[in-house]
file run_3.csv (CSV, C-alpha atoms)
chain,number,residue,atom,x,y,z
X,11,MET,CA,-162.3,101.9,-163.7
X,12,LYS,CA,-164.7,102.5,-160.8
X,13,PHE,CA,-162.4,100.6,-158.5
X,14,ARG,CA,-159.5,102.7,-159.6
X,15,LEU,CA,-161.3,105.9,-158.8
X,16,ILE,CA,-162.3,104.6,-155.4
X,17,THR,CA,-158.7,103.7,-154.7
X,18,LEU,CA,-157.5,107.1,-155.8
X,19,PHE,CA,-160.0,108.9,-153.5
X,20,ALA,CA,-159.1,106.6,-150.7
X,21,THR,CA,-155.4,107.3,-151.1
X,22,LEU,CA,-156.1,111.0,-151.2
X,23,ALA,CA,-158.2,110.9,-148.1
X,24,LEU,CA,-155.5,108.9,-146.3
X,25,SER,CA,-152.7,111.3,-147.4
X,26,PHE,CA,-154.8,114.2,-146.1
X,27,ALA,CA,-155.2,112.5,-142.8
X,28,ALA,CA,-151.4,111.8,-142.6
X,29,PHE,CA,-150.6,115.5,-143.0
X,30,ALA,CA,-152.8,116.9,-140.2
X,31,LEU,CA,-152.1,120.5,-141.1
X,32,ASP,CA,-149.4,121.9,-143.4
X,33,LEU,CA,-147.9,125.3,-143.2
X,34,GLN,CA,-149.1,126.6,-146.6
X,35,SER,CA,-152.8,125.7,-146.0
X,36,ALA,CA,-152.6,127.0,-142.4
X,37,LYS,CA,-151.4,130.3,-143.9
X,38,ASP,CA,-154.2,130.3,-146.5
X,39,GLN,CA,-156.8,129.7,-143.8
X,40,GLY,CA,-155.4,132.5,-141.7
X,41,LEU,CA,-154.7,130.1,-138.8
X,42,VAL,CA,-151.1,131.3,-138.5
X,43,GLY,CA,-149.4,134.6,-139.0
X,44,GLU,CA,-145.8,135.9,-139.4
X,45,GLN,CA,-144.5,137.9,-136.6
X,46,THR,CA,-141.9,140.7,-136.8
X,47,ASN,CA,-139.4,138.6,-134.8
X,48,GLY,CA,-139.1,136.0,-137.6
X,49,TYR,CA,-141.3,133.4,-136.1
X,50,LEU,CA,-144.7,132.0,-136.8
X,51,ALA,CA,-147.6,132.7,-134.4
X,52,ALA,CA,-150.8,130.6,-133.9
X,53,LEU,CA,-153.8,132.8,-134.5
X,54,LYS,CA,-156.2,130.0,-133.4
X,55,SER,CA,-155.3,127.8,-130.5
X,56,THR,CA,-156.2,124.4,-131.6
X,57,ALA,CA,-154.0,121.4,-131.1
X,58,ASP,CA,-153.2,121.1,-134.8
X,59,VAL,CA,-152.2,124.7,-135.2
X,60,THR,CA,-150.1,124.8,-132.0
X,61,ALA,CA,-148.3,121.6,-133.0
X,62,LEU,CA,-147.5,123.1,-136.5
X,63,VAL,CA,-146.3,126.4,-135.1
X,64,ASN,CA,-144.1,124.7,-132.5
X,65,ASP,CA,-142.6,122.4,-135.2
X,66,VAL,CA,-142.0,125.2,-137.7
X,67,ASN,CA,-140.5,127.6,-135.1
X,68,ALA,CA,-138.2,124.9,-133.8
X,69,LYS,CA,-136.8,124.3,-137.3
X,70,ARG,CA,-136.6,128.0,-137.9
X,71,THR,CA,-134.6,128.5,-134.7
X,72,ALA,CA,-132.1,125.9,-135.8
X,73,ALA,CA,-131.8,127.4,-139.3
X,74,TYR,CA,-131.3,130.9,-137.9
X,75,GLN,CA,-128.7,129.7,-135.4
X,76,GLN,CA,-126.8,128.1,-138.1
X,77,ILE,CA,-126.6,131.2,-140.2
X,78,ALA,CA,-125.8,133.3,-137.1
X,79,GLN,CA,-122.9,131.0,-136.2
X,80,LYS,CA,-121.4,131.1,-139.7
X,81,ASN,CA,-121.4,134.9,-139.7
X,82,GLY,CA,-120.6,135.6,-136.1
X,83,ILE,CA,-123.8,137.5,-135.3
X,84,SER,CA,-126.6,136.8,-133.0
X,85,ALA,CA,-129.5,134.5,-133.9
X,86,ASP,CA,-131.9,137.3,-133.0
X,87,ASP,CA,-130.4,139.6,-135.6
X,88,VAL,CA,-130.7,136.9,-138.2
X,89,ALA,CA,-134.3,136.3,-137.2
X,90,LYS,CA,-135.1,140.0,-137.5
X,91,LEU,CA,-133.6,140.2,-141.0
X,92,ALA,CA,-135.6,137.1,-141.9
X,93,ALA,CA,-138.8,138.7,-140.6
X,94,LYS,CA,-138.4,141.6,-143.0
X,95,LYS,CA,-138.0,139.2,-145.9
X,96,ILE,CA,-140.8,136.8,-144.8
X,97,ILE,CA,-143.3,139.6,-144.3
X,98,ALA,CA,-142.3,141.3,-147.6
X,99,LYS,CA,-142.7,137.9,-149.4
X,100,ALA,CA,-146.0,137.0,-147.8
X,101,GLU,CA,-148.8,136.3,-150.2
X,102,LYS,CA,-152.0,138.3,-150.4
X,103,GLY,CA,-154.5,137.2,-147.8
X,104,HIS,CA,-151.9,135.9,-145.4
X,105,MET,CA,-151.7,137.3,-141.9
X,106,VAL,CA,-148.7,139.3,-140.9
X,107,GLN,CA,-147.7,141.5,-138.0
X,108,ASP,CA,-147.1,145.2,-138.7
X,109,SER,CA,-144.4,147.4,-137.1
X,110,SER,CA,-146.7,148.2,-134.2
X,111,GLY,CA,-147.4,144.5,-133.5
X,112,SER,CA,-151.0,144.3,-134.7
X,113,TRP,CA,-152.2,141.7,-137.1
X,114,VAL,CA,-153.0,142.7,-140.7
X,115,LYS,CA,-154.2,140.8,-143.7
X,116,LYS,CA,-151.7,141.3,-146.5
H,25,MET,CA,-62.9,195.7,-163.1
H,26,LYS,CA,-64.0,192.7,-165.2
H,27,THR,CA,-65.1,190.8,-162.1
H,28,LEU,CA,-68.0,193.1,-161.2
H,29,PRO,CA,-70.2,192.1,-164.2
H,30,LYS,CA,-69.3,188.5,-163.6
H,31,VAL,CA,-70.5,188.8,-160.0
H,32,LEU,CA,-73.6,190.6,-161.0
H,33,GLY,CA,-74.3,188.0,-163.6
H,34,LEU,CA,-73.9,185.2,-161.1
H,35,LEU,CA,-76.2,187.0,-158.6
H,36,LEU,CA,-78.8,187.5,-161.3
H,37,ALA,CA,-78.5,183.8,-162.3
H,38,GLY,CA,-78.8,182.9,-158.7
H,39,TYR,CA,-82.0,185.0,-158.2
H,40,LEU,CA,-83.5,183.5,-161.4
H,41,VAL,CA,-82.8,180.0,-160.3
H,42,SER,CA,-84.1,180.5,-156.9
H,43,ALA,CA,-87.3,182.1,-158.2
H,44,CYS,CA,-87.9,179.2,-160.5
H,45,THR,CA,-87.3,176.5,-158.0
H,46,PRO,CA,-90.7,175.1,-157.2
H,47,THR,CA,-91.4,174.5,-153.6
H,48,VAL,CA,-93.5,171.5,-152.6
H,49,LYS,CA,-94.5,171.5,-149.0
H,50,ILE,CA,-95.8,168.4,-147.4
H,51,GLU,CA,-97.5,169.0,-144.2
H,52,PRO,CA,-98.6,166.1,-142.0
H,53,PRO,CA,-102.3,166.4,-141.2
H,54,ASP,CA,-103.0,167.5,-137.7
H,55,LYS,CA,-105.6,164.8,-137.1
H,56,PRO,CA,-104.6,161.1,-137.2
H,57,ILE,CA,-105.9,159.2,-140.3
H,58,VAL,CA,-108.5,156.7,-139.3
H,59,ILE,CA,-109.8,154.2,-141.7
H,60,ASN,CA,-112.9,152.4,-140.5
H,61,LEU,CA,-113.0,148.9,-141.8
H,62,ASN,CA,-115.9,147.8,-139.7
H,63,VAL,CA,-118.4,149.2,-142.1
H,64,LYS,CA,-117.1,147.0,-144.9
H,65,ILE,CA,-117.0,143.9,-142.8
H,66,GLU,CA,-120.5,144.5,-141.5
H,67,HIS,CA,-121.7,145.1,-145.0
H,68,GLU,CA,-120.2,141.8,-146.2
H,69,ILE,CA,-121.8,139.9,-143.3
H,70,ARG,CA,-125.1,141.5,-144.2
H,71,ILE,CA,-124.9,140.4,-147.8
H,72,LYS,CA,-123.9,136.9,-146.8
H,73,VAL,CA,-126.7,136.6,-144.3
H,74,ASP,CA,-129.1,138.1,-146.9
H,75,LYS,CA,-128.1,135.4,-149.3
H,76,ALA,CA,-128.3,132.6,-146.8
H,77,LEU,CA,-131.8,133.8,-145.8
H,78,ASP,CA,-133.0,134.0,-149.4
H,79,ASP,CA,-131.9,130.4,-149.8
H,80,LEU,CA,-133.6,129.4,-146.5
H,81,LEU,CA,-136.9,131.1,-147.4
H,82,THR,CA,-137.3,128.8,-150.4
H,83,ASP,CA,-138.1,126.0,-148.0
H,84,THR,CA,-141.9,125.9,-148.1
H,85,ALA,CA,-142.1,123.6,-145.1
H,86,LEU,CA,-140.6,126.3,-143.0
H,87,PHE,CA,-141.8,129.6,-144.6

call {"tool": "encode", "arguments": {"input": "run_3.csv", "output": "structure tokens"}}
result
Amino acid sequence: MKFRLITLFATLALSFAAFALDLQSAKDQGLVGEQTNGYLAALKSTADVTALVNDVNAKRTAAYQQIAQKNGISADDVAKLAAKKIIAKAEKGHMVQDSSGSWVKK
Amino acid sequence: MKTLPKVLGLLLAGYLVSACTPTVKIEPPDKPIVINLNVKIEHEIRIKVDKALDDLLTDTALF
């Protein structure tokens, strides 16, 4: 029984190490925020946060471009529409940019 | 002498008929008729994009 518990904790520790920083916990910790342009911004410039932000934003760009292409509009317009939805959907305590560009806690 | 009342009768009938004939005038509008379809198309695109974004936003790895 004891051995099993140790194995469980070891696996948990290992899995945490594998996912350096995931988006949801970064949001919870206020490390990242949602901008009005539809992209994520790093609010703390550590390597972990920067890597996460770059990764997420690259994937978002691809997704926005796909939608834009399908509908014959620009990716920027898609991103702006997305921003409205993302900010509206953001959970309480997460950081979002307001219309004037300053950071507010939702 | 019998023809006079006949003529009068005909005239009267003519007046009556012409007075009862409805006149429908169709006048073409002075301005050309413009139907703007852009609005509808833009609206459809917006709805499509809206839906696509809603689907996209369920991806918790990205949003």

call {"tool": "closest_atom_pairs", "arguments": {"input": "run_3.csv", "of": "chain X", "to": "chain H", "cutoff": "9 Å", "atoms": "only C-alpha atoms", "output": "JSON lines"}}
result
{"residue": "X:Asp32", "atom": "CA", "partner": "H:Ala85", "partner_atom": "CA", "distance": 7.7}
{"residue": "X:Leu33", "atom": "CA", "partner": "H:Ala85", "partner_atom": "CA", "distance": 6.3}
{"residue": "X:Gln34", "atom": "CA", "partner": "H:Thr84", "partner_atom": "CA", "distance": 7.4}
{"residue": "X:Leu50", "atom": "CA", "partner": "H:Phe87", "partner_atom": "CA", "distance": 8.7}
{"residue": "X:Asp65", "atom": "CA", "partner": "H:Leu86", "partner_atom": "CA", "distance": 8.9}
{"residue": "X:Val66", "atom": "CA", "partner": "H:Leu86", "partner_atom": "CA", "distance": 5.6}
{"residue": "X:Asn67", "atom": "CA", "partner": "H:Leu86", "partner_atom": "CA", "distance": 8.0}
{"residue": "X:Lys69", "atom": "CA", "partner": "H:Leu86", "partner_atom": "CA", "distance": 7.1}
{"residue": "X:Arg70", "atom": "CA", "partner": "H:Leu86", "partner_atom": "CA", "distance": 6.7}
{"residue": "X:Ala73", "atom": "CA", "partner": "H:Leu80", "partner_atom": "CA", "distance": 7.7}
{"residue": "X:Tyr74", "atom": "CA", "partner": "H:Leu77", "partner_atom": "CA", "distance": 8.4}
{"residue": "X:Ile77", "atom": "CA", "partner": "H:Val73", "partner_atom": "CA", "distance": 6.8}
{"residue": "X:Ala78", "atom": "CA", "partner": "H:Val73", "partner_atom": "CA", "distance": 8.0}
{"residue": "X:Lys80", "atom": "CA", "partner": "H:Val73", "partner_atom": "CA", "distance": 8.9}
{"residue": "X:Asn81", "atom": "CA", "partner": "H:Ile69", "partner_atom": "CA", "distance": 6.2}
{"residue": "X:Gly82", "atom": "CA", "partner": "H:Ile69", "partner_atom": "CA", "distance": 8.5}
{"residue": "X:Ile83", "atom": "CA", "partner": "H:Ile69", "partner_atom": "CA", "distance": 8.6}
{"residue": "X:Val88", "atom": "CA", "partner": "H:Val73", "partner_atom": "CA", "distance": 7.3}
{"residue": "X:Leu91", "atom": "CA", "partner": "H:Asp74", "partner_atom": "CA", "distance": 7.7}
{"residue": "X:Ala92", "atom": "CA", "partner": "H:Leu77", "partner_atom": "CA", "distance": 6.4}
{"residue": "X:Lys95", "atom": "CA", "partner": "H:Asp78", "partner_atom": "CA", "distance": 8.0}
{"residue": "X:Ile96", "atom": "CA", "partner": "H:Phe87", "partner_atom": "CA", "distance": 7.3}

call {"tool": "residues_around", "arguments": {"input": "run_3.csv", "residues": "Lys102 of chain X", "least_positions_apart": "2", "cutoff": "12 Å", "atoms": "only C-alpha atoms", "output": "MDAnalysis selection string"}}
result
chainID X and resid 37:40 97:100 104:106 114:116

call {"tool": "atom_distance", "arguments": {"input": "run_3.csv", "atom1": "atom CA of Ala37 of chain H", "atom2": "atom CA of Ile50 of chain H"}}
result
27.5 Å

call {"tool": "atom_distance", "arguments": {"input": "run_3.csv", "atom1": "atom CA of Tyr49 of chain X", "atom2": "atom CA of Asp86 of chain X"}}
result
10.6 Å

call {"tool": "atom_distance", "arguments": {"input": "run_3.csv", "atom1": "atom CA of Lys94 of chain X", "atom2": "atom CA of Thr71 of chain X"}}
result
16.0 Å
